[in-house]
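Structure file structure30.cif with mmCIF, N, CA and C atoms:
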```cif
data_run
#
loop_
_atom_site.group_PDB
_atom_site.id
_atom_site.type_symbol
_atom_site.label_atom_id
_atom_site.label_comp_id
_atom_site.auth_asym_id
_atom_site.auth_seq_id
_atom_site.Cartn_x
_atom_site.Cartn_y
_atom_site.Cartn_z
ATOM 1 N N MET I 19 -17.849 31.251 44.253
ATOM 2 C CA MET I 19 -17.150 29.984 44.360
ATOM 3 C C MET I 19 -15.644 30.173 44.303
ATOM 4 N N GLY I 20 -15.138 31.033 43.465
ATOM 5 C CA GLY I 20 -13.733 31.422 43.471
ATOM 6 C C GLY I 20 -12.730 30.284 43.406
ATOM 7 N N PHE I 21 -11.554 30.511 43.986
ATOM 8 C CA PHE I 21 -10.472 29.528 44.069
ATOM 9 C C PHE I 21 -10.072 28.998 42.696
ATOM 10 N N GLY I 22 -9.994 29.894 41.690
ATOM 11 C CA GLY I 22 -9.548 29.478 40.371
ATOM 12 C C GLY I 22 -10.599 28.782 39.525
ATOM 13 N N THR I 23 -11.844 28.898 39.884
ATOM 14 C CA THR I 23 -12.915 28.261 39.126
ATOM 15 C C THR I 23 -13.493 29.275 38.142
ATOM 16 N N SER I 24 -13.548 28.912 36.852
ATOM 17 C CA SER I 24 -14.093 29.808 35.831
ATOM 18 C C SER I 24 -15.617 29.920 35.984
ATOM 19 N N LYS I 25 -16.186 30.896 35.287
ATOM 20 C CA LYS I 25 -17.646 31.066 35.318
ATOM 21 C C LYS I 25 -18.352 29.817 34.786
ATOM 22 N N ALA I 26 -17.808 29.233 33.722
ATOM 23 C CA ALA I 26 -18.417 28.022 33.161
ATOM 24 C C ALA I 26 -18.334 26.868 34.156
ATOM 25 N N GLU I 27 -17.192 26.723 34.828
ATOM 26 C CA GLU I 27 -17.035 25.655 35.820
ATOM 27 C C GLU I 27 -17.978 25.877 36.992
ATOM 28 N N THR I 28 -18.121 27.121 37.403
ATOM 29 C CA THR I 28 -19.055 27.447 38.486
ATOM 30 C C THR I 28 -20.477 27.082 38.085
ATOM 31 N N ALA I 29 -20.836 27.365 36.834
ATOM 32 C CA ALA I 29 -22.176 27.031 36.341
ATOM 33 C C ALA I 29 -22.401 25.526 36.347
ATOM 34 N N VAL I 30 -21.400 24.759 35.924
ATOM 35 C CA VAL I 30 -21.521 23.295 35.904
ATOM 36 C C VAL I 30 -21.683 22.767 37.326
ATOM 37 N N LEU I 31 -20.863 23.251 38.250
ATOM 38 C CA LEU I 31 -20.976 22.801 39.646
ATOM 39 C C LEU I 31 -22.354 23.136 40.212
ATOM 40 N N SER I 32 -22.862 24.312 39.892
ATOM 41 C CA SER I 32 -24.185 24.716 40.389
ATOM 42 C C SER I 32 -25.289 23.813 39.862
ATOM 43 N N VAL I 33 -25.171 23.408 38.596
ATOM 44 C CA VAL I 33 -26.170 22.524 37.993
ATOM 45 C C VAL I 33 -26.118 21.139 38.642
ATOM 46 N N LEU I 34 -24.910 20.676 38.976
ATOM 47 C CA LEU I 34 -24.765 19.334 39.552
ATOM 48 C C LEU I 34 -24.970 19.298 41.072
ATOM 49 N N ALA I 35 -24.907 20.453 41.732
ATOM 50 C CA ALA I 35 -24.982 20.505 43.199
ATOM 51 C C ALA I 35 -26.221 19.848 43.800
ATOM 52 N N PRO I 36 -27.408 19.970 43.187
ATOM 53 C CA PRO I 36 -28.579 19.323 43.794
ATOM 54 C C PRO I 36 -28.497 17.795 43.833
ATOM 55 N N GLY I 37 -27.578 17.218 43.073
ATOM 56 C CA GLY I 37 -27.437 15.761 43.055
ATOM 57 C C GLY I 37 -27.914 15.176 41.751
ATOM 58 N N GLY I 38 -27.736 13.904 41.616
ATOM 59 C CA GLY I 38 -28.141 13.213 40.403
ATOM 60 C C GLY I 38 -27.003 13.115 39.411
ATOM 61 N N MET I 39 -27.282 12.475 38.293
ATOM 62 C CA MET I 39 -26.306 12.260 37.239
ATOM 63 C C MET I 39 -26.852 12.886 35.962
ATOM 64 N N LEU I 40 -26.067 13.764 35.351
ATOM 65 C CA LEU I 40 -26.522 14.453 34.151
ATOM 66 C C LEU I 40 -25.580 14.183 32.983
ATOM 67 N N THR I 41 -26.141 14.159 31.787
ATOM 68 C CA THR I 41 -25.333 14.035 30.578
ATOM 69 C C THR I 41 -24.709 15.394 30.269
ATOM 70 N N ALA I 42 -23.735 15.398 29.368
ATOM 71 C CA ALA I 42 -23.118 16.651 28.945
ATOM 72 C C ALA I 42 -24.153 17.581 28.319
ATOM 73 N N ALA I 43 -25.080 17.015 27.550
ATOM 74 C CA ALA I 43 -26.127 17.830 26.921
ATOM 75 C C ALA I 43 -27.031 18.481 27.974
ATOM 76 N N GLN I 44 -27.371 17.734 29.021
ATOM 77 C CA GLN I 44 -28.198 18.294 30.094
ATOM 78 C C GLN I 44 -27.438 19.391 30.842
ATOM 79 N N ILE I 45 -26.160 19.137 31.108
ATOM 80 C CA ILE I 45 -25.338 20.135 31.790
ATOM 81 C C ILE I 45 -25.243 21.386 30.929
ATOM 82 N N GLN I 46 -24.978 21.204 29.644
ATOM 83 C CA GLN I 46 -24.872 22.333 28.712
ATOM 84 C C GLN I 46 -26.146 23.172 28.732
ATOM 85 N N ARG I 47 -27.285 22.512 28.622
ATOM 86 C CA ARG I 47 -28.574 23.209 28.610
ATOM 87 C C ARG I 47 -28.836 23.933 29.923
ATOM 88 N N ASP I 48 -28.701 23.214 31.037
ATOM 89 C CA ASP I 48 -29.047 23.788 32.335
ATOM 90 C C ASP I 48 -28.076 24.876 32.779
ATOM 91 N N ALA I 49 -26.812 24.767 32.377
ATOM 92 C CA ALA I 49 -25.804 25.773 32.730
ATOM 93 C C ALA I 49 -25.759 26.898 31.704
ATOM 94 N N GLN I 50 -26.543 26.764 30.644
ATOM 95 C CA GLN I 50 -26.612 27.748 29.566
ATOM 96 C C GLN I 50 -25.231 28.029 28.979
ATOM 97 N N LEU I 51 -24.542 26.949 28.594
ATOM 98 C CA LEU I 51 -23.214 27.035 28.005
ATOM 99 C C LEU I 51 -23.247 26.535 26.567
ATOM 100 N N THR I 52 -22.237 26.903 25.795
ATOM 101 C CA THR I 52 -22.077 26.310 24.472
ATOM 102 C C THR I 52 -21.605 24.879 24.659
ATOM 103 N N GLY I 53 -21.680 24.086 23.607
ATOM 104 C CA GLY I 53 -21.198 22.706 23.682
ATOM 105 C C GLY I 53 -19.735 22.657 24.068
ATOM 106 N N TRP I 54 -18.920 23.508 23.416
ATOM 107 C CA TRP I 54 -17.491 23.545 23.713
ATOM 108 C C TRP I 54 -17.250 23.999 25.158
ATOM 109 N N GLY I 55 -17.965 25.026 25.594
ATOM 110 C CA GLY I 55 -17.787 25.535 26.955
ATOM 111 C C GLY I 55 -18.125 24.491 28.005
ATOM 112 N N ALA I 56 -19.198 23.744 27.760
ATOM 113 C CA ALA I 56 -19.596 22.694 28.702
ATOM 114 C C ALA I 56 -18.562 21.583 28.746
ATOM 115 N N ARG I 57 -18.109 21.129 27.573
ATOM 116 C CA ARG I 57 -17.120 20.041 27.534
ATOM 117 C C ARG I 57 -15.807 20.457 28.193
ATOM 118 N N ARG I 58 -15.386 21.688 27.954
ATOM 119 C CA ARG I 58 -14.144 22.183 28.557
ATOM 120 C C ARG I 58 -14.271 22.244 30.081
ATOM 121 N N ALA I 59 -15.376 22.812 30.566
ATOM 122 C CA ALA I 59 -15.588 22.919 32.011
ATOM 123 C C ALA I 59 -15.682 21.536 32.652
ATOM 124 N N ILE I 60 -16.387 20.621 32.015
ATOM 125 C CA ILE I 60 -16.505 19.256 32.538
ATOM 126 C C ILE I 60 -15.125 18.617 32.636
ATOM 127 N N GLY I 61 -14.329 18.754 31.593
ATOM 128 C CA GLY I 61 -12.980 18.186 31.600
ATOM 129 C C GLY I 61 -12.111 18.761 32.704
ATOM 130 N N GLN I 62 -12.164 20.072 32.880
ATOM 131 C CA GLN I 62 -11.366 20.728 33.916
ATOM 132 C C GLN I 62 -11.814 20.281 35.317
ATOM 133 N N LEU I 63 -13.115 20.255 35.541
ATOM 134 C CA LEU I 63 -13.637 19.860 36.854
ATOM 135 C C LEU I 63 -13.335 18.399 37.159
ATOM 136 N N GLU I 64 -13.464 17.553 36.143
ATOM 137 C CA GLU I 64 -13.179 16.131 36.345
ATOM 138 C C GLU I 64 -11.694 15.928 36.662
ATOM 139 N N SER I 65 -10.822 16.656 35.978
ATOM 140 C CA SER I 65 -9.377 16.508 36.210
ATOM 141 C C SER I 65 -8.976 16.970 37.608
ATOM 142 N N ARG I 66 -9.769 17.849 38.209
ATOM 143 C CA ARG I 66 -9.480 18.328 39.566
ATOM 144 C C ARG I 66 -10.252 17.562 40.632
ATOM 145 N N GLY I 67 -11.002 16.541 40.221
ATOM 146 C CA GLY I 67 -11.722 15.710 41.185
ATOM 147 C C GLY I 67 -12.967 16.348 41.763
ATOM 148 N N LEU I 68 -13.506 17.364 41.084
ATOM 149 C CA LEU I 68 -14.697 18.035 41.603
ATOM 150 C C LEU I 68 -15.988 17.419 41.076
ATOM 151 N N ILE I 69 -15.888 16.737 39.940
ATOM 152 C CA ILE I 69 -17.007 15.947 39.425
ATOM 153 C C ILE I 69 -16.438 14.609 38.960
ATOM 154 N N VAL I 70 -17.309 13.645 38.811
ATOM 155 C CA VAL I 70 -16.871 12.311 38.406
ATOM 156 C C VAL I 70 -17.852 11.753 37.378
ATOM 157 N N ALA I 71 -17.301 11.044 36.403
ATOM 158 C CA ALA I 71 -18.133 10.389 35.394
ATOM 159 C C ALA I 71 -18.555 9.021 35.915
ATOM 160 N N ALA I 72 -19.782 8.651 35.595
ATOM 161 C CA ALA I 72 -20.259 7.321 35.955
ATOM 162 C C ALA I 72 -19.568 6.301 35.055
ATOM 163 N N ARG I 73 -19.200 5.214 35.613
ATOM 164 C CA ARG I 73 -18.541 4.158 34.845
ATOM 165 C C ARG I 73 -19.491 3.631 33.770
ATOM 166 N N TYR I 74 -19.001 3.536 32.555
ATOM 167 C CA TYR I 74 -19.754 3.018 31.403
ATOM 168 C C TYR I 74 -20.980 3.859 31.055
ATOM 169 N N SER I 75 -20.973 5.106 31.469
ATOM 170 C CA SER I 75 -22.088 5.998 31.167
ATOM 171 C C SER I 75 -21.537 7.408 30.960
ATOM 172 N N ALA I 76 -22.098 8.118 30.057
ATOM 173 C CA ALA I 76 -21.658 9.490 29.797
ATOM 174 C C ALA I 76 -22.459 10.457 30.667
ATOM 175 N N ARG I 77 -22.408 10.214 31.952
ATOM 176 C CA ARG I 77 -23.116 11.069 32.912
ATOM 177 C C ARG I 77 -22.157 11.463 34.021
ATOM 178 N N TRP I 78 -22.328 12.675 34.512
ATOM 179 C CA TRP I 78 -21.448 13.181 35.566
ATOM 180 C C TRP I 78 -22.244 13.525 36.807
ATOM 181 N N SER I 79 -21.564 13.436 37.948
ATOM 182 C CA SER I 79 -22.144 13.862 39.220
ATOM 183 C C SER I 79 -21.073 14.622 39.986
ATOM 184 N N ILE I 80 -21.506 15.385 40.937
ATOM 185 C CA ILE I 80 -20.596 16.188 41.742
ATOM 186 C C ILE I 80 -20.014 15.321 42.865
ATOM 187 N N THR I 81 -18.768 15.559 43.205
ATOM 188 C CA THR I 81 -18.120 14.836 44.303
ATOM 189 C C THR I 81 -18.310 15.638 45.592
ATOM 190 N N PRO I 82 -18.063 15.023 46.751
ATOM 191 C CA PRO I 82 -18.139 15.796 47.997
ATOM 192 C C PRO I 82 -17.210 17.015 47.965
ATOM 193 N N ARG I 83 -16.046 16.858 47.351
ATOM 194 C CA ARG I 83 -15.108 17.982 47.237
ATOM 195 C C ARG I 83 -15.707 19.094 46.363
ATOM 196 N N GLY I 84 -16.374 18.721 45.272
ATOM 197 C CA GLY I 84 -17.021 19.701 44.418
ATOM 198 C C GLY I 84 -18.176 20.384 45.115
ATOM 199 N N LEU I 85 -18.926 19.629 45.892
ATOM 200 C CA LEU I 85 -20.029 20.198 46.651
ATOM 201 C C LEU I 85 -19.522 21.210 47.666
ATOM 202 N N ALA I 86 -18.409 20.888 48.318
ATOM 203 C CA ALA I 86 -17.807 21.831 49.265
ATOM 204 C C ALA I 86 -17.417 23.120 48.541
ATOM 205 N N ARG I 87 -16.953 23.001 47.298
ATOM 206 C CA ARG I 87 -16.564 24.188 46.525
ATOM 207 C C ARG I 87 -17.769 25.080 46.258
ATOM 208 N N THR I 88 -18.961 24.486 46.067
ATOM 209 C CA THR I 88 -20.157 25.304 45.813
ATOM 210 C C THR I 88 -20.568 26.076 47.056
ATOM 211 N N ARG I 89 -20.168 25.582 48.219
ATOM 212 C CA ARG I 89 -20.476 26.273 49.468
ATOM 213 C C ARG I 89 -19.382 27.251 49.864
ATOM 214 N N GLY I 90 -18.295 27.299 49.079
ATOM 215 C CA GLY I 90 -17.219 28.225 49.382
ATOM 216 C C GLY I 90 -16.152 27.641 50.278
ATOM 217 N N ASP I 91 -16.241 26.350 50.608
ATOM 218 C CA ASP I 91 -15.209 25.690 51.402
ATOM 219 C C ASP I 91 -14.006 25.441 50.491
ATOM 220 N N ARG I 92 -12.893 25.217 51.068
ATOM 221 C CA ARG I 92 -11.695 24.877 50.261
ATOM 222 C C ARG I 92 -11.587 23.429 50.081
#
```
Before we go any further, please render this structure as C-alpha cells.
Amino acid sequence: MGFGTSKAETAVLSVLAPGGMLTAAQIQRDAQLTGWGARRAIGQLESRGLIVAARYSARWSITPRGLARTRGDR
C-alpha cells in the first residue's frame, strides 16, 4: 500500500476494504492491533480522508480514496 501508510494503517484499510461499518473494537480485533494502535491508525486515516466515521455512531467505513489506496492507486 505504501505512500506513507504505516503497517497499522494498512491493516485497518485492509479490514475495512470489503465494505461495511466496523467499530474500533472490531477493527482492533480483525487487524490484530492493540487498542492504542487501532485508535492511532483510525485517527490518522480519518484525518487524511481515507476512512470516515458514521454520524452519531462509533463505526468507521472506508472511503473511495481509501479503497483506491488498498489497490495501490494514488
Name the residues of chain I that fall into strand (DSSP E or B) according to DSSP on the backbone, using the chain letters and numbers of this document, as a ChimeraX atom specification. /I:40-41,69-71,77-80
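The shell of residues at most 8 Å from range 45-56 of chain I, with only C-alpha atoms counted and near chain neighbours (fewer than 4 positions) removed, consists of Ala26, Ala29, Val30, Ser32, Val33, Leu34, Leu40, Thr41 and Ile60 of chain I.
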One decimal, in Å: what's the spacing between atom C of Ala76 in chain I and CA of Thr28 in chain I? 19.0 Å
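Taking atom N of Met39 in chain I as the reference point, atom N of Pro82 in chain I is found at 12.8 Å.
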Do you know which residues are at most 5 Å from range 67-71 of chain I counting all atoms listed in the file, after dropping those on the same chain fewer than 5 positions away, and could you put them as a PyMOL selection string? chain I and resi 77-81+83-84
Grab the CA of Leu85 in chain I to CA of Ala35 in chain I distance for me, in Å with one decimal place. 6.0 Å
Where in chain I does DSSP assign alpha helix (DSSP H), given as a ChimeraX atom specification? /I:25-34,42-49,53-65,82-88
As a PDB file, keeping the file's coordinate frame, please: range 50-71 of chain I completed to N, CA, C and O atoms.
```pdb
ATOM      1  N   GLN I  50     -26.543  26.764  30.644  1.00  0.00           N
ATOM      2  CA  GLN I  50     -26.612  27.748  29.566  1.00  0.00           C
ATOM      3  C   GLN I  50     -25.231  28.029  28.979  1.00  0.00           C
ATOM      4  O   GLN I  50     -24.792  29.175  28.867  1.00  0.00           O
ATOM      5  N   LEU I  51     -24.542  26.949  28.594  1.00  0.00           N
ATOM      6  CA  LEU I  51     -23.214  27.035  28.005  1.00  0.00           C
ATOM      7  C   LEU I  51     -23.247  26.535  26.567  1.00  0.00           C
ATOM      8  O   LEU I  51     -24.162  25.803  26.184  1.00  0.00           O
ATOM      9  N   THR I  52     -22.237  26.903  25.795  1.00  0.00           N
ATOM     10  CA  THR I  52     -22.077  26.310  24.472  1.00  0.00           C
ATOM     11  C   THR I  52     -21.605  24.879  24.659  1.00  0.00           C
ATOM     12  O   THR I  52     -21.144  24.498  25.741  1.00  0.00           O
ATOM     13  N   GLY I  53     -21.680  24.086  23.607  1.00  0.00           N
ATOM     14  CA  GLY I  53     -21.198  22.706  23.682  1.00  0.00           C
ATOM     15  C   GLY I  53     -19.735  22.657  24.068  1.00  0.00           C
ATOM     16  O   GLY I  53     -19.320  21.878  24.931  1.00  0.00           O
ATOM     17  N   TRP I  54     -18.920  23.508  23.416  1.00  0.00           N
ATOM     18  CA  TRP I  54     -17.491  23.545  23.713  1.00  0.00           C
ATOM     19  C   TRP I  54     -17.250  23.999  25.158  1.00  0.00           C
ATOM     20  O   TRP I  54     -16.442  23.430  25.873  1.00  0.00           O
ATOM     21  N   GLY I  55     -17.965  25.026  25.594  1.00  0.00           N
ATOM     22  CA  GLY I  55     -17.787  25.535  26.955  1.00  0.00           C
ATOM     23  C   GLY I  55     -18.125  24.491  28.005  1.00  0.00           C
ATOM     24  O   GLY I  55     -17.428  24.351  29.012  1.00  0.00           O
ATOM     25  N   ALA I  56     -19.198  23.744  27.760  1.00  0.00           N
ATOM     26  CA  ALA I  56     -19.596  22.694  28.702  1.00  0.00           C
ATOM     27  C   ALA I  56     -18.562  21.583  28.746  1.00  0.00           C
ATOM     28  O   ALA I  56     -18.154  21.143  29.825  1.00  0.00           O
ATOM     29  N   ARG I  57     -18.109  21.129  27.573  1.00  0.00           N
ATOM     30  CA  ARG I  57     -17.120  20.041  27.534  1.00  0.00           C
ATOM     31  C   ARG I  57     -15.807  20.457  28.193  1.00  0.00           C
ATOM     32  O   ARG I  57     -15.194  19.676  28.921  1.00  0.00           O
ATOM     33  N   ARG I  58     -15.386  21.688  27.954  1.00  0.00           N
ATOM     34  CA  ARG I  58     -14.144  22.183  28.557  1.00  0.00           C
ATOM     35  C   ARG I  58     -14.271  22.244  30.081  1.00  0.00           C
ATOM     36  O   ARG I  58     -13.406  21.785  30.809  1.00  0.00           O
ATOM     37  N   ALA I  59     -15.376  22.812  30.566  1.00  0.00           N
ATOM     38  CA  ALA I  59     -15.588  22.919  32.011  1.00  0.00           C
ATOM     39  C   ALA I  59     -15.682  21.536  32.652  1.00  0.00           C
ATOM     40  O   ALA I  59     -15.098  21.300  33.712  1.00  0.00           O
ATOM     41  N   ILE I  60     -16.387  20.621  32.015  1.00  0.00           N
ATOM     42  CA  ILE I  60     -16.505  19.256  32.538  1.00  0.00           C
ATOM     43  C   ILE I  60     -15.125  18.617  32.636  1.00  0.00           C
ATOM     44  O   ILE I  60     -14.774  18.014  33.657  1.00  0.00           O
ATOM     45  N   GLY I  61     -14.329  18.754  31.593  1.00  0.00           N
ATOM     46  CA  GLY I  61     -12.980  18.186  31.600  1.00  0.00           C
ATOM     47  C   GLY I  61     -12.111  18.761  32.704  1.00  0.00           C
ATOM     48  O   GLY I  61     -11.392  18.025  33.398  1.00  0.00           O
ATOM     49  N   GLN I  62     -12.164  20.072  32.880  1.00  0.00           N
ATOM     50  CA  GLN I  62     -11.366  20.728  33.916  1.00  0.00           C
ATOM     51  C   GLN I  62     -11.814  20.281  35.317  1.00  0.00           C
ATOM     52  O   GLN I  62     -10.989  19.988  36.177  1.00  0.00           O
ATOM     53  N   LEU I  63     -13.115  20.255  35.541  1.00  0.00           N
ATOM     54  CA  LEU I  63     -13.637  19.860  36.854  1.00  0.00           C
ATOM     55  C   LEU I  63     -13.335  18.399  37.159  1.00  0.00           C
ATOM     56  O   LEU I  63     -12.975  18.052  38.290  1.00  0.00           O
ATOM     57  N   GLU I  64     -13.464  17.553  36.143  1.00  0.00           N
ATOM     58  CA  GLU I  64     -13.179  16.131  36.345  1.00  0.00           C
ATOM     59  C   GLU I  64     -11.694  15.928  36.662  1.00  0.00           C
ATOM     60  O   GLU I  64     -11.340  15.147  37.541  1.00  0.00           O
ATOM     61  N   SER I  65     -10.822  16.656  35.978  1.00  0.00           N
ATOM     62  CA  SER I  65      -9.377  16.508  36.210  1.00  0.00           C
ATOM     63  C   SER I  65      -8.976  16.970  37.608  1.00  0.00           C
ATOM     64  O   SER I  65      -7.975  16.508  38.145  1.00  0.00           O
ATOM     65  N   ARG I  66      -9.769  17.849  38.209  1.00  0.00           N
ATOM     66  CA  ARG I  66      -9.480  18.328  39.566  1.00  0.00           C
ATOM     67  C   ARG I  66     -10.252  17.562  40.632  1.00  0.00           C
ATOM     68  O   ARG I  66     -10.189  17.896  41.820  1.00  0.00           O
ATOM     69  N   GLY I  67     -11.002  16.541  40.221  1.00  0.00           N
ATOM     70  CA  GLY I  67     -11.722  15.710  41.185  1.00  0.00           C
ATOM     71  C   GLY I  67     -12.967  16.348  41.763  1.00  0.00           C
ATOM     72  O   GLY I  67     -13.455  15.909  42.806  1.00  0.00           O
ATOM     73  N   LEU I  68     -13.506  17.364  41.084  1.00  0.00           N
ATOM     74  CA  LEU I  68     -14.697  18.035  41.603  1.00  0.00           C
ATOM     75  C   LEU I  68     -15.988  17.419  41.076  1.00  0.00           C
ATOM     76  O   LEU I  68     -17.051  17.573  41.677  1.00  0.00           O
ATOM     77  N   ILE I  69     -15.888  16.737  39.940  1.00  0.00           N
ATOM     78  CA  ILE I  69     -17.007  15.947  39.425  1.00  0.00           C
ATOM     79  C   ILE I  69     -16.438  14.609  38.960  1.00  0.00           C
ATOM     80  O   ILE I  69     -15.227  14.477  38.755  1.00  0.00           O
ATOM     81  N   VAL I  70     -17.309  13.645  38.811  1.00  0.00           N
ATOM     82  CA  VAL I  70     -16.871  12.311  38.406  1.00  0.00           C
ATOM     83  C   VAL I  70     -17.852  11.753  37.378  1.00  0.00           C
ATOM     84  O   VAL I  70     -19.059  11.985  37.478  1.00  0.00           O
ATOM     85  N   ALA I  71     -17.301  11.044  36.403  1.00  0.00           N
ATOM     86  CA  ALA I  71     -18.133  10.389  35.394  1.00  0.00           C
ATOM     87  C   ALA I  71     -18.555   9.021  35.915  1.00  0.00           C
ATOM     88  O   ALA I  71     -17.779   8.330  36.564  1.00  0.00           O
TER      89      ALA I  71
END
```
